[in-house]
Amino acid sequence: MSTIFEKIISKEIPAEILYEDENTLAFLDANPCSEGHTLVIPKKAVSNLIEADEETVSNLFKTVKRVTKTLAESDLDPVGFSIGINHGEEAGQSINHLHVHIIPRYKGDGDGTIRSMHSIVSNPPTNDLNTVFNKIIK
Ligand code: 5GP
């Protein structure tokens, strides 16, 4: 598996790198949803959270926390963040290398509507919660 993110890790293609350590890299998204939209990736080439080993996940989220703090304390002055992963093609994952989006939020950026995670999908279950629970926990 080789993606454009491997080329960013190896510096073959440039990026605005906000943070780097042995295991992770954080850089500005080339097509930002908001000012400061950042991607955090593990250097290990894994497709998604399920494929990643515990240490990779742990290192990844330590960097997510660190970079969120950096953005929060920056002159961008965001009022919140949407932080998430597009896991799988159907969920919008376009690059097959695990990455966490940190999207700074600014006052009124939802056009008067609160644009939270809840507005990504509107596909409520027809089954009751107990049926859903039993499908998950067998
Ligand atoms: P996905 O849709 O897979 O969750 O997110 C992939 C993200 O990578 C997109 O938001 C896209 O803008 C970003 N991206 C794609 N190619 C590049 C690139 O070459 N450089 C940077 N900095 N971001 C990229």
# chains A, B, ... in the order shown; residues from 1 in each chain; ligands from 1
>>> closest_atom_pairs(of="chain A", to="ligand 1", cutoff="9 Å", atoms="only C-alpha atoms and all ligand atoms", output="Markdown table")
| residue | atom | partner | partner_atom_place_in_ligand_line | distance |
| --- | --- | --- | --- | --- |
| A:Ile4 | CA | ligand 1 | 19 (O) | 6.0 |
| A:Phe5 | CA | ligand 1 | 19 (O) | 7.1 |
| A:Lys7 | CA | ligand 1 | 19 (O) | 8.4 |
| A:Ile8 | CA | ligand 1 | 20 (N) | 7.3 |
| A:Ile13 | CA | ligand 1 | 19 (O) | 7.3 |
| A:Pro14 | CA | ligand 1 | 20 (N) | 7.6 |
| A:Ala15 | CA | ligand 1 | 22 (N) | 5.3 |
| A:Glu16 | CA | ligand 1 | 22 (N) | 7.1 |
| A:Ile17 | CA | ligand 1 | 22 (N) | 8.7 |
| A:Phe27 | CA | ligand 1 | 22 (N) | 6.2 |
| A:Leu28 | CA | ligand 1 | 22 (N) | 5.3 |
| A:Asp29 | CA | ligand 1 | 22 (N) | 4.1 |
| A:Ala30 | CA | ligand 1 | 23 (N) | 4.0 |
| A:Asn31 | CA | ligand 1 | 12 (O) | 4.0 |
| A:Pro32 | CA | ligand 1 | 12 (O) | 6.4 |
| A:Cys33 | CA | ligand 1 | 10 (O) | 7.8 |
| A:His37 | CA | ligand 1 | 10 (O) | 8.4 |
| A:Thr38 | CA | ligand 1 | 22 (N) | 8.2 |
| A:Leu39 | CA | ligand 1 | 7 (C) | 7.2 |
| A:Gly84 | CA | ligand 1 | 4 (O) | 8.7 |
| A:Ile85 | CA | ligand 1 | 4 (O) | 6.3 |
| A:Asn86 | CA | ligand 1 | 4 (O) | 4.6 |
| A:His87 | CA | ligand 1 | 4 (O) | 7.5 |
| A:Gly88 | CA | ligand 1 | 3 (O) | 8.5 |
| A:Glu89 | CA | ligand 1 | 3 (O) | 8.1 |
| A:Ala91 | CA | ligand 1 | 4 (O) | 8.2 |
| A:Gly92 | CA | ligand 1 | 2 (O) | 5.2 |
| A:Gln93 | CA | ligand 1 | 3 (O) | 3.6 |
| A:Ser94 | CA | ligand 1 | 3 (O) | 3.6 |
| A:Ile95 | CA | ligand 1 | 3 (O) | 4.2 |
| A:Asn96 | CA | ligand 1 | 3 (O) | 7.0 |
| A:His97 | CA | ligand 1 | 3 (O) | 7.9 |
| A:Leu98 | CA | ligand 1 | 3 (O) | 8.2 |
| A:His99 | CA | ligand 1 | 4 (O) | 6.9 |
| A:Val100 | CA | ligand 1 | 4 (O) | 7.6 |
| A:His101 | CA | ligand 1 | 4 (O) | 7.1 |
>>> write_last_selection(atoms="C-alpha atoms", output="PDB file, in the first residue's frame")
ATOM      1  CA  ILE A   4       0.277  10.265  -1.263  1.00  0.00           C
ATOM      2  CA  PHE A   5       0.735  10.355   2.527  1.00  0.00           C
ATOM      3  CA  LYS A   7       5.272  10.853  -0.054  1.00  0.00           C
ATOM      4  CA  ILE A   8       4.452  13.517   2.548  1.00  0.00           C
ATOM      5  CA  ILE A  13       6.025  16.206  -1.690  1.00  0.00           C
ATOM      6  CA  PRO A  14       5.800  19.299   0.507  1.00  0.00           C
ATOM      7  CA  ALA A  15       3.276  19.973   3.245  1.00  0.00           C
ATOM      8  CA  GLU A  16       2.823  22.500   6.030  1.00  0.00           C
ATOM      9  CA  ILE A  17       3.967  20.237   8.870  1.00  0.00           C
ATOM     10  CA  PHE A  27       0.071  18.729   8.522  1.00  0.00           C
ATOM     11  CA  LEU A  28      -2.434  21.146   7.041  1.00  0.00           C
ATOM     12  CA  ASP A  29      -5.055  19.607   4.756  1.00  0.00           C
ATOM     13  CA  ALA A  30      -4.585  20.802   1.152  1.00  0.00           C
ATOM     14  CA  ASN A  31      -8.360  21.317   0.750  1.00  0.00           C
ATOM     15  CA  PRO A  32      -9.322  22.775   4.110  1.00  0.00           C
ATOM     16  CA  CYS A  33     -12.897  22.741   5.403  1.00  0.00           C
ATOM     17  CA  HIS A  37      -7.900  22.001   9.065  1.00  0.00           C
ATOM     18  CA  THR A  38      -5.204  19.504   9.980  1.00  0.00           C
ATOM     19  CA  LEU A  39      -4.564  15.829   9.275  1.00  0.00           C
ATOM     20  CA  GLY A  84     -12.987  12.549  13.192  1.00  0.00           C
ATOM     21  CA  ILE A  85     -12.050   9.760  10.845  1.00  0.00           C
ATOM     22  CA  ASN A  86     -13.642   8.846   7.528  1.00  0.00           C
ATOM     23  CA  HIS A  87     -13.394   5.066   7.884  1.00  0.00           C
ATOM     24  CA  GLY A  88     -13.983   3.250   4.586  1.00  0.00           C
ATOM     25  CA  GLU A  89     -14.869   4.422   1.102  1.00  0.00           C
ATOM     26  CA  ALA A  91     -17.785   6.970   4.755  1.00  0.00           C
ATOM     27  CA  GLY A  92     -15.727   9.225   2.482  1.00  0.00           C
ATOM     28  CA  GLN A  93     -12.228   7.837   3.003  1.00  0.00           C
ATOM     29  CA  SER A  94     -10.362   8.789  -0.155  1.00  0.00           C
ATOM     30  CA  ILE A  95      -6.817   7.948   0.973  1.00  0.00           C
ATOM     31  CA  ASN A  96      -6.086   4.439   2.143  1.00  0.00           C
ATOM     32  CA  HIS A  97      -3.847   5.479   5.037  1.00  0.00           C
ATOM     33  CA  LEU A  98      -5.349   6.078   8.477  1.00  0.00           C
ATOM     34  CA  HIS A  99      -5.810   9.789   9.177  1.00  0.00           C
ATOM     35  CA  VAL A 100      -7.615  11.902  11.734  1.00  0.00           C
ATOM     36  CA  HIS A 101      -9.144  15.206  10.652  1.00  0.00           C
TER      37      HIS A 101
END
>>> select_by_dssp(residues="chain A", states="helix (DSSP H, G or I)", output="count of residues only")
39
>>> atom_distance(atom1="CA of Pro78 in chain A", atom2="CA of Ile102 in chain A")
11.5 Å
>>> closest_residue(among="A:Val132, A:Ile41, A:Ile120, A:Ile50", to="Leu18 in chain A", atoms="only C-alpha atoms")
A:Ile41
>>> select_by_dssp(residues="range 12-46 of chain A", states="strand (DSSP E)", output="ChimeraX atom specification")
/A:17-20,24-28,38-42
>>> atom_distance(atom1="CA of Ser74 in chain A", atom2="CA of Thr56 in chain A")
26.8 Å
>>> closest_residue(among="A:Ala26, A:Leu71, A:Ile136, A:Val57", to="Lys44 in chain A", atoms="only C-alpha atoms")
A:Val57
